[in-house]
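Colleague: Sharing input_16.cif below, mmCIF, N, CA and C atoms:
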data_final
loop_
_atom_site.label_atom_id
_atom_site.label_comp_id
_atom_site.auth_asym_id
_atom_site.auth_seq_id
_atom_site.Cartn_x
_atom_site.Cartn_y
_atom_site.Cartn_z
N MET A 16 85.38 32.12 -168.41
CA MET A 16 84.57 31.09 -169.04
C MET A 16 83.62 31.75 -170.02
N SER A 17 83.60 31.29 -171.23
CA SER A 17 82.69 31.87 -172.21
C SER A 17 81.32 31.24 -172.10
N ALA A 18 80.34 31.96 -172.56
CA ALA A 18 78.95 31.49 -172.49
C ALA A 18 78.72 30.43 -173.55
N ILE A 19 77.82 29.53 -173.23
CA ILE A 19 77.43 28.48 -174.17
C ILE A 19 75.96 28.70 -174.50
N PHE A 20 75.63 28.58 -175.78
CA PHE A 20 74.26 28.73 -176.24
C PHE A 20 73.87 27.50 -177.05
N TYR A 21 72.60 27.16 -176.98
CA TYR A 21 72.04 26.07 -177.77
C TYR A 21 70.96 26.66 -178.66
N LYS A 22 71.15 26.56 -179.96
CA LYS A 22 70.14 27.02 -180.90
C LYS A 22 69.31 25.81 -181.30
N VAL A 23 68.04 25.85 -180.94
CA VAL A 23 67.12 24.75 -181.25
C VAL A 23 66.38 25.14 -182.53
N ILE A 24 66.56 24.32 -183.55
CA ILE A 24 65.91 24.57 -184.84
C ILE A 24 64.74 23.61 -184.96
N PHE A 25 63.57 24.19 -185.22
CA PHE A 25 62.34 23.40 -185.33
C PHE A 25 62.01 23.14 -186.78
N LYS A 26 61.31 22.06 -187.02
CA LYS A 26 60.85 21.73 -188.37
C LYS A 26 59.77 22.72 -188.76
N GLY A 27 59.76 23.11 -190.04
CA GLY A 27 58.72 24.00 -190.54
C GLY A 27 57.46 23.21 -190.87
N THR A 28 56.44 23.90 -191.29
CA THR A 28 55.23 23.22 -191.71
C THR A 28 55.50 22.49 -193.02
N LYS A 29 54.60 21.61 -193.37
CA LYS A 29 54.84 20.73 -194.52
C LYS A 29 55.18 21.48 -195.80
N GLY A 30 54.48 22.52 -196.13
CA GLY A 30 54.75 23.26 -197.36
C GLY A 30 55.83 24.32 -197.20
N ASP A 31 56.40 24.41 -196.01
CA ASP A 31 57.33 25.49 -195.70
C ASP A 31 58.64 24.93 -195.15
N GLU A 32 59.19 23.93 -195.82
CA GLU A 32 60.34 23.19 -195.32
C GLU A 32 61.62 24.02 -195.23
N ASN A 33 61.76 25.07 -196.01
CA ASN A 33 62.99 25.85 -196.00
C ASN A 33 63.02 26.91 -194.90
N LYS A 34 61.87 27.25 -194.39
CA LYS A 34 61.82 28.27 -193.34
C LYS A 34 62.25 27.64 -192.02
N SER A 35 63.27 28.22 -191.40
CA SER A 35 63.73 27.64 -190.13
C SER A 35 63.23 28.50 -188.98
N LEU A 36 62.60 27.85 -188.04
CA LEU A 36 62.14 28.49 -186.82
C LEU A 36 63.09 28.04 -185.73
N SER A 37 63.51 28.97 -184.87
CA SER A 37 64.47 28.58 -183.85
C SER A 37 64.32 29.41 -182.58
N LEU A 38 64.83 28.86 -181.50
CA LEU A 38 64.95 29.55 -180.22
C LEU A 38 66.37 29.31 -179.73
N THR A 39 66.93 30.30 -179.05
CA THR A 39 68.27 30.16 -178.50
C THR A 39 68.19 30.12 -176.98
N PHE A 40 68.76 29.08 -176.41
CA PHE A 40 68.78 28.87 -174.97
C PHE A 40 70.18 29.10 -174.44
N LYS A 41 70.28 29.74 -173.29
CA LYS A 41 71.58 29.93 -172.64
C LYS A 41 71.84 28.74 -171.74
N SER A 42 73.03 28.19 -171.83
CA SER A 42 73.40 27.03 -171.03
C SER A 42 73.49 27.38 -169.55
N ILE A 43 72.98 26.48 -168.73
CA ILE A 43 73.13 26.64 -167.28
C ILE A 43 73.75 25.37 -166.69
N ILE A 44 74.42 24.60 -167.53
CA ILE A 44 75.08 23.39 -167.04
C ILE A 44 76.21 23.79 -166.10
N SER A 45 76.24 23.16 -164.96
CA SER A 45 77.30 23.43 -163.99
C SER A 45 77.99 22.11 -163.64
N ASP A 46 78.85 22.17 -162.64
CA ASP A 46 79.53 20.95 -162.20
C ASP A 46 78.54 19.92 -161.68
N LYS A 47 77.43 20.40 -161.13
CA LYS A 47 76.41 19.51 -160.61
C LYS A 47 75.12 19.72 -161.42
N PRO A 48 74.89 18.91 -162.46
CA PRO A 48 73.72 19.11 -163.32
C PRO A 48 72.41 18.96 -162.55
N ILE A 49 71.38 19.67 -163.02
CA ILE A 49 70.05 19.59 -162.43
C ILE A 49 69.29 18.48 -163.15
N ASN A 50 69.07 17.37 -162.45
CA ASN A 50 68.35 16.24 -163.03
C ASN A 50 66.85 16.48 -162.98
N ILE A 51 66.17 16.11 -164.06
CA ILE A 51 64.72 16.21 -164.13
C ILE A 51 64.17 14.79 -164.03
N PRO A 52 63.36 14.51 -163.02
CA PRO A 52 62.83 13.15 -162.85
C PRO A 52 61.99 12.73 -164.06
N SER A 53 62.12 11.48 -164.48
CA SER A 53 61.40 10.99 -165.66
C SER A 53 59.89 11.02 -165.46
N GLN A 54 59.42 10.89 -164.23
CA GLN A 54 57.98 10.92 -163.99
C GLN A 54 57.39 12.30 -164.28
N TYR A 55 58.22 13.32 -164.33
CA TYR A 55 57.74 14.65 -164.66
C TYR A 55 57.13 14.67 -166.07
N PHE A 56 57.79 14.03 -167.02
CA PHE A 56 57.30 14.02 -168.40
C PHE A 56 56.05 13.16 -168.52
N SER A 57 55.97 12.10 -167.74
CA SER A 57 54.75 11.29 -167.70
C SER A 57 53.58 12.13 -167.20
N SER A 58 53.83 12.94 -166.17
CA SER A 58 52.79 13.81 -165.62
C SER A 58 52.33 14.84 -166.66
N LEU A 59 53.28 15.38 -167.43
CA LEU A 59 52.92 16.34 -168.47
C LEU A 59 52.08 15.69 -169.56
N LYS A 60 52.39 14.45 -169.92
CA LYS A 60 51.60 13.75 -170.94
C LYS A 60 50.17 13.51 -170.45
N ILE A 61 50.02 13.17 -169.19
CA ILE A 61 48.68 12.98 -168.62
C ILE A 61 47.94 14.31 -168.60
N LEU A 62 48.66 15.39 -168.31
CA LEU A 62 48.06 16.71 -168.26
C LEU A 62 47.51 17.14 -169.62
N THR A 63 48.12 16.69 -170.71
CA THR A 63 47.62 17.04 -172.04
C THR A 63 46.22 16.50 -172.28
N GLN A 64 45.87 15.42 -171.61
CA GLN A 64 44.54 14.84 -171.76
C GLN A 64 43.51 15.59 -170.91
N LYS A 65 43.96 16.27 -169.87
CA LYS A 65 43.06 16.96 -168.95
C LYS A 65 42.86 18.43 -169.29
N ARG A 66 43.90 19.07 -169.81
CA ARG A 66 43.85 20.51 -170.06
C ARG A 66 44.17 20.82 -171.51
N LYS A 67 43.38 21.68 -172.11
CA LYS A 67 43.55 22.02 -173.53
C LYS A 67 44.74 22.93 -173.78
N ASN A 68 45.24 23.60 -172.75
CA ASN A 68 46.35 24.53 -172.95
C ASN A 68 47.72 23.86 -172.81
N VAL A 69 47.74 22.53 -172.70
CA VAL A 69 48.99 21.78 -172.61
C VAL A 69 49.08 20.86 -173.82
N ILE A 70 50.16 21.00 -174.59
CA ILE A 70 50.32 20.15 -175.77
C ILE A 70 51.71 19.51 -175.80
N ASN A 71 51.77 18.31 -176.36
CA ASN A 71 53.01 17.55 -176.59
C ASN A 71 53.13 17.29 -178.08
N PHE A 72 54.31 17.45 -178.63
CA PHE A 72 54.51 17.06 -180.03
C PHE A 72 56.00 16.96 -180.33
N GLN A 73 56.32 16.30 -181.44
CA GLN A 73 57.71 16.19 -181.89
C GLN A 73 57.94 17.21 -182.98
N ASN A 74 58.98 18.03 -182.83
CA ASN A 74 59.22 19.05 -183.84
C ASN A 74 60.64 19.60 -183.84
N ILE A 75 61.55 19.03 -183.09
CA ILE A 75 62.92 19.53 -183.07
C ILE A 75 63.70 18.90 -184.22
N ARG A 76 64.20 19.75 -185.11
CA ARG A 76 65.00 19.24 -186.22
C ARG A 76 66.44 18.98 -185.78
N GLU A 77 67.05 20.00 -185.12
CA GLU A 77 68.41 19.83 -184.63
C GLU A 77 68.71 20.87 -183.56
N VAL A 78 69.77 20.61 -182.81
CA VAL A 78 70.23 21.53 -181.78
C VAL A 78 71.70 21.80 -182.06
N ILE A 79 72.04 23.09 -182.18
CA ILE A 79 73.41 23.49 -182.48
C ILE A 79 73.99 24.17 -181.26
N LYS A 80 75.13 23.67 -180.81
CA LYS A 80 75.81 24.22 -179.64
C LYS A 80 76.86 25.20 -180.12
N SER A 81 76.92 26.37 -179.45
CA SER A 81 77.97 27.33 -179.78
C SER A 81 78.54 27.89 -178.48
N GLY A 82 79.78 28.32 -178.56
CA GLY A 82 80.47 28.83 -177.39
C GLY A 82 81.59 27.91 -177.00
N ASP A 83 81.77 27.69 -175.72
CA ASP A 83 82.85 26.86 -175.19
C ASP A 83 82.53 25.38 -175.42
N VAL A 84 82.93 24.87 -176.57
CA VAL A 84 82.60 23.49 -176.92
C VAL A 84 83.48 22.47 -176.22
N THR A 85 84.38 22.91 -175.35
CA THR A 85 85.20 21.96 -174.60
C THR A 85 84.39 21.24 -173.52
N ILE A 86 83.30 21.88 -173.06
CA ILE A 86 82.39 21.21 -172.13
C ILE A 86 81.55 20.29 -172.98
N ASN A 87 81.82 19.02 -172.88
CA ASN A 87 81.26 18.10 -173.85
C ASN A 87 80.36 17.05 -173.19
N TYR A 88 79.09 17.14 -173.48
CA TYR A 88 78.13 16.10 -173.13
C TYR A 88 77.57 15.58 -174.43
N ASN A 89 77.38 14.29 -174.52
CA ASN A 89 76.71 13.71 -175.68
C ASN A 89 75.26 13.49 -175.31
N PHE A 90 74.37 14.26 -175.95
CA PHE A 90 72.95 14.17 -175.65
C PHE A 90 72.28 13.19 -176.61
N ASN A 91 71.46 12.31 -176.04
CA ASN A 91 70.71 11.34 -176.85
C ASN A 91 69.51 11.99 -177.51
N TYR A 92 68.84 12.88 -176.80
CA TYR A 92 67.70 13.60 -177.34
C TYR A 92 67.49 14.86 -176.51
N TYR A 93 66.62 15.73 -177.03
CA TYR A 93 66.34 17.00 -176.38
C TYR A 93 64.83 17.14 -176.17
N ILE A 94 64.47 17.92 -175.16
CA ILE A 94 63.08 18.27 -174.89
C ILE A 94 63.04 19.76 -174.58
N VAL A 95 62.12 20.45 -175.19
CA VAL A 95 61.91 21.87 -174.92
C VAL A 95 60.56 22.01 -174.21
N ILE A 96 60.55 22.77 -173.12
CA ILE A 96 59.31 23.09 -172.43
C ILE A 96 59.15 24.61 -172.47
N LEU A 97 58.07 25.06 -173.09
CA LEU A 97 57.77 26.48 -173.19
C LEU A 97 56.44 26.75 -172.49
N TYR A 98 56.34 27.89 -171.83
CA TYR A 98 55.09 28.21 -171.14
C TYR A 98 54.90 29.71 -171.08
N THR A 99 53.63 30.11 -170.93
CA THR A 99 53.25 31.51 -170.85
C THR A 99 52.48 31.73 -169.56
N TYR A 100 52.90 32.73 -168.79
CA TYR A 100 52.19 33.07 -167.55
C TYR A 100 50.86 33.72 -167.89
N LEU A 101 49.83 33.29 -167.20
CA LEU A 101 48.49 33.84 -167.40
C LEU A 101 48.42 35.29 -166.91
N SER A 102 49.11 35.59 -165.82
CA SER A 102 49.01 36.92 -165.19
C SER A 102 49.56 38.05 -166.05
N ASP A 103 50.75 37.86 -166.65
CA ASP A 103 51.37 38.96 -167.38
C ASP A 103 51.78 38.63 -168.82
N GLY A 104 51.51 37.42 -169.27
CA GLY A 104 51.84 37.03 -170.64
C GLY A 104 53.33 36.76 -170.86
N LYS A 105 54.12 36.76 -169.79
CA LYS A 105 55.57 36.51 -169.90
C LYS A 105 55.80 35.07 -170.35
N LYS A 106 56.73 34.91 -171.28
CA LYS A 106 57.04 33.58 -171.82
C LYS A 106 58.43 33.15 -171.36
N GLU A 107 58.54 31.89 -170.98
CA GLU A 107 59.81 31.32 -170.55
C GLU A 107 59.90 29.90 -171.06
N GLY A 108 61.10 29.32 -170.93
CA GLY A 108 61.26 27.94 -171.35
C GLY A 108 62.53 27.31 -170.84
N PHE A 109 62.55 26.00 -170.95
CA PHE A 109 63.69 25.19 -170.55
C PHE A 109 64.10 24.28 -171.69
N LEU A 110 65.39 24.01 -171.78
CA LEU A 110 65.92 23.00 -172.69
C LEU A 110 66.50 21.89 -171.84
N ILE A 111 66.05 20.69 -172.11
CA ILE A 111 66.48 19.52 -171.35
C ILE A 111 67.15 18.57 -172.32
N GLY A 112 68.27 18.00 -171.90
CA GLY A 112 68.98 17.02 -172.72
C GLY A 112 69.13 15.72 -171.95
N ASN A 113 69.14 14.63 -172.67
CA ASN A 113 69.30 13.34 -172.04
C ASN A 113 70.74 12.86 -172.23
N VAL A 114 71.40 12.57 -171.10
CA VAL A 114 72.76 12.04 -171.10
C VAL A 114 72.67 10.61 -170.59
N LYS A 115 73.33 9.70 -171.28
CA LYS A 115 73.18 8.28 -170.99
C LYS A 115 73.29 7.93 -169.51
N LYS A 116 74.32 8.36 -168.82
CA LYS A 116 74.51 7.95 -167.43
C LYS A 116 73.86 8.90 -166.42
N LEU A 117 73.44 10.08 -166.87
CA LEU A 117 72.85 11.06 -165.96
C LEU A 117 71.33 11.14 -166.06
N GLY A 118 70.76 10.72 -167.18
CA GLY A 118 69.33 10.87 -167.40
C GLY A 118 69.02 12.23 -167.99
N ASP A 119 67.80 12.72 -167.75
CA ASP A 119 67.38 14.01 -168.26
C ASP A 119 67.93 15.12 -167.36
N VAL A 120 68.66 16.05 -167.95
CA VAL A 120 69.24 17.16 -167.19
C VAL A 120 68.86 18.49 -167.85
N LEU A 121 68.66 19.50 -167.01
CA LEU A 121 68.37 20.83 -167.50
C LEU A 121 69.66 21.41 -168.07
N ILE A 122 69.62 21.85 -169.34
CA ILE A 122 70.84 22.39 -169.93
C ILE A 122 70.72 23.84 -170.35
N GLY A 123 69.48 24.37 -170.47
CA GLY A 123 69.37 25.75 -170.90
C GLY A 123 68.06 26.40 -170.52
N ILE A 124 68.08 27.75 -170.52
CA ILE A 124 66.89 28.53 -170.24
C ILE A 124 66.63 29.50 -171.39
N TRP A 125 65.36 29.85 -171.55
CA TRP A 125 64.94 30.82 -172.55
C TRP A 125 63.95 31.76 -171.89
N PRO A 126 63.95 33.05 -172.17
CA PRO A 126 64.88 33.71 -173.08
C PRO A 126 66.29 33.72 -172.52
N PHE A 127 67.25 33.70 -173.41
CA PHE A 127 68.64 33.50 -172.98
C PHE A 127 69.22 34.69 -172.24
N ASN A 128 68.54 35.83 -172.23
CA ASN A 128 69.09 37.00 -171.54
C ASN A 128 68.60 37.12 -170.10
N GLN A 129 67.85 36.14 -169.59
CA GLN A 129 67.42 36.23 -168.21
C GLN A 129 68.53 35.79 -167.26
N GLN A 130 68.50 36.33 -166.06
CA GLN A 130 69.50 36.01 -165.06
C GLN A 130 69.27 34.60 -164.52
N TYR A 131 70.31 33.84 -164.36
CA TYR A 131 70.17 32.49 -163.84
C TYR A 131 71.12 32.21 -162.69
N THR A 132 71.91 33.15 -162.29
CA THR A 132 72.90 32.90 -161.25
C THR A 132 72.24 32.51 -159.93
N GLN A 133 71.01 32.91 -159.73
CA GLN A 133 70.31 32.62 -158.49
C GLN A 133 69.59 31.26 -158.53
N LEU A 134 69.48 30.65 -159.69
CA LEU A 134 68.72 29.41 -159.82
C LEU A 134 69.42 28.25 -159.14
N THR A 135 68.65 27.52 -158.35
CA THR A 135 69.15 26.31 -157.72
C THR A 135 68.34 25.14 -158.23
N SER A 136 68.81 23.95 -157.98
CA SER A 136 68.10 22.75 -158.38
C SER A 136 66.69 22.73 -157.79
N GLU A 137 66.58 23.11 -156.52
CA GLU A 137 65.28 23.11 -155.85
C GLU A 137 64.32 24.11 -156.50
N MET A 138 64.83 25.28 -156.87
CA MET A 138 63.99 26.30 -157.50
C MET A 138 63.48 25.83 -158.86
N ILE A 139 64.34 25.20 -159.63
CA ILE A 139 63.94 24.71 -160.95
C ILE A 139 62.89 23.62 -160.81
N LEU A 140 63.14 22.65 -159.94
CA LEU A 140 62.19 21.55 -159.77
C LEU A 140 60.85 22.06 -159.24
N GLU A 141 60.90 23.06 -158.37
CA GLU A 141 59.65 23.65 -157.86
C GLU A 141 58.89 24.34 -159.00
N LYS A 142 59.62 25.04 -159.86
CA LYS A 142 58.99 25.73 -160.99
C LYS A 142 58.35 24.71 -161.94
N LEU A 143 59.02 23.60 -162.17
CA LEU A 143 58.47 22.55 -163.03
C LEU A 143 57.23 21.92 -162.40
N ASP A 144 57.25 21.71 -161.09
CA ASP A 144 56.08 21.18 -160.39
C ASP A 144 54.90 22.13 -160.48
N VAL A 145 55.16 23.43 -160.38
CA VAL A 145 54.09 24.42 -160.48
C VAL A 145 53.43 24.35 -161.85
N LEU A 146 54.21 24.09 -162.89
CA LEU A 146 53.64 23.96 -164.24
C LEU A 146 52.59 22.85 -164.28
N ILE A 147 52.87 21.76 -163.61
CA ILE A 147 51.95 20.62 -163.64
C ILE A 147 50.72 20.87 -162.77
N CYS A 148 50.90 21.51 -161.64
CA CYS A 148 49.84 21.63 -160.64
C CYS A 148 49.05 22.92 -160.70
N SER A 149 49.37 23.82 -161.58
CA SER A 149 48.78 25.15 -161.52
C SER A 149 47.99 25.49 -162.78
N GLU A 150 47.00 26.31 -162.58
CA GLU A 150 46.22 26.85 -163.69
C GLU A 150 46.71 28.26 -164.05
N ASN A 151 47.89 28.63 -163.58
CA ASN A 151 48.41 29.99 -163.76
C ASN A 151 49.13 30.20 -165.09
N PHE A 152 49.00 29.25 -166.00
CA PHE A 152 49.71 29.34 -167.27
C PHE A 152 48.72 29.26 -168.42
N ARG A 153 48.93 30.13 -169.40
CA ARG A 153 48.05 30.16 -170.56
C ARG A 153 48.35 28.97 -171.47
N ASN A 154 49.60 28.75 -171.75
CA ASN A 154 50.00 27.67 -172.66
C ASN A 154 51.22 26.96 -172.10
N ILE A 155 51.24 25.66 -172.26
CA ILE A 155 52.43 24.87 -171.94
C ILE A 155 52.66 23.96 -173.14
N SER A 156 53.84 24.06 -173.74
CA SER A 156 54.19 23.21 -174.89
C SER A 156 55.41 22.37 -174.53
N VAL A 157 55.31 21.08 -174.81
CA VAL A 157 56.42 20.16 -174.60
C VAL A 157 56.80 19.63 -175.96
N ILE A 158 58.01 19.96 -176.41
CA ILE A 158 58.44 19.63 -177.77
C ILE A 158 59.60 18.67 -177.70
N TYR A 159 59.43 17.53 -178.37
CA TYR A 159 60.45 16.46 -178.35
C TYR A 159 61.21 16.45 -179.67
N SER A 160 62.41 15.86 -179.63
CA SER A 160 63.19 15.70 -180.87
C SER A 160 62.85 14.39 -181.54
#
I'd like the structure from this file rewritten - as structure tokens, please.
Modeller:
Amino acid sequence: MSAIFYKVIFKGTKGDENKSLSLTFKSIISDKPINIPSQYFSSLKILTQKRKNVINFQNIREVIKSGDVTINYNFNYYIVILYTYLSDGKKEGFLIGNVKKLGDVLIGIWPFNQQYTQLTSEMILEKLDVLICSENFRNISVIYS
């Protein structure tokens, strides 16, 4: 099975429309997708009002899939969650896609070279809960398409 990658291209600043900013996420879609509860995003939006290090904004221009394109999901929209650990400055992120009948599912991780074979649905959901409930992160960005 070949690897699948999602290149997320962000919109540039107003005077810098030709410059493309991007991140590449490695796909972790399996036979049993990891669903992200919709109330999670509501909690993150509320958190933006309480904490200055949490921001929400729209900035995804497009997402390009490369690799084994035979695994086909039609995504309605994408959400990127990026965060920085306060303790060591390590940066990580998730790419979430919305599928009509499945809802929001985790489809990728960043940086794409990290190991994910050990990740389970419970581990991912716990990590997302820690983002909401913890002061252990310097920055949390939620970027919508």
Colleague: I need the strand (DSSP E) residues of chain A per DSSP on the backbone, written as number ranges by chain.
Modeller: A: 20-25, 36-42, 49-50, 69-73, 75-81, 90-100, 106-114, 118-125, 152-159
Colleague: Pull out every residue that the PyMOL selection byres ((chain A and resi 21) around 6.5) matches in the shown coordinates and put them as a ChimeraX atom specification.
Modeller: /A:19-20,22-23,38-42,78-81
Colleague: Evaluate the PyMOL selection byres ((chain A and resi 92) around 6.5) on the structure here and hand back the selected residues as a list in words.
Modeller: Phe90, Asn91, Tyr93, Ile94, Ile111, Gly112, Asn113, Val114 and Ser160 of chain A
Colleague: So how many Å separate atom CA of Ala18 of chain A and atom CA of Asn128 of chain A, to one decimal?
Modeller: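 Answer for the atom CA of Ala18 of chain A to atom CA of Asn128 of chain A separation: 11.3 Å.
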Colleague: Residues of segment 25-111 of chain A classed as helix (DSSP H, G or I) by DSSP on the backbone are to be reported as number ranges by chain.
Modeller: A: 53-65
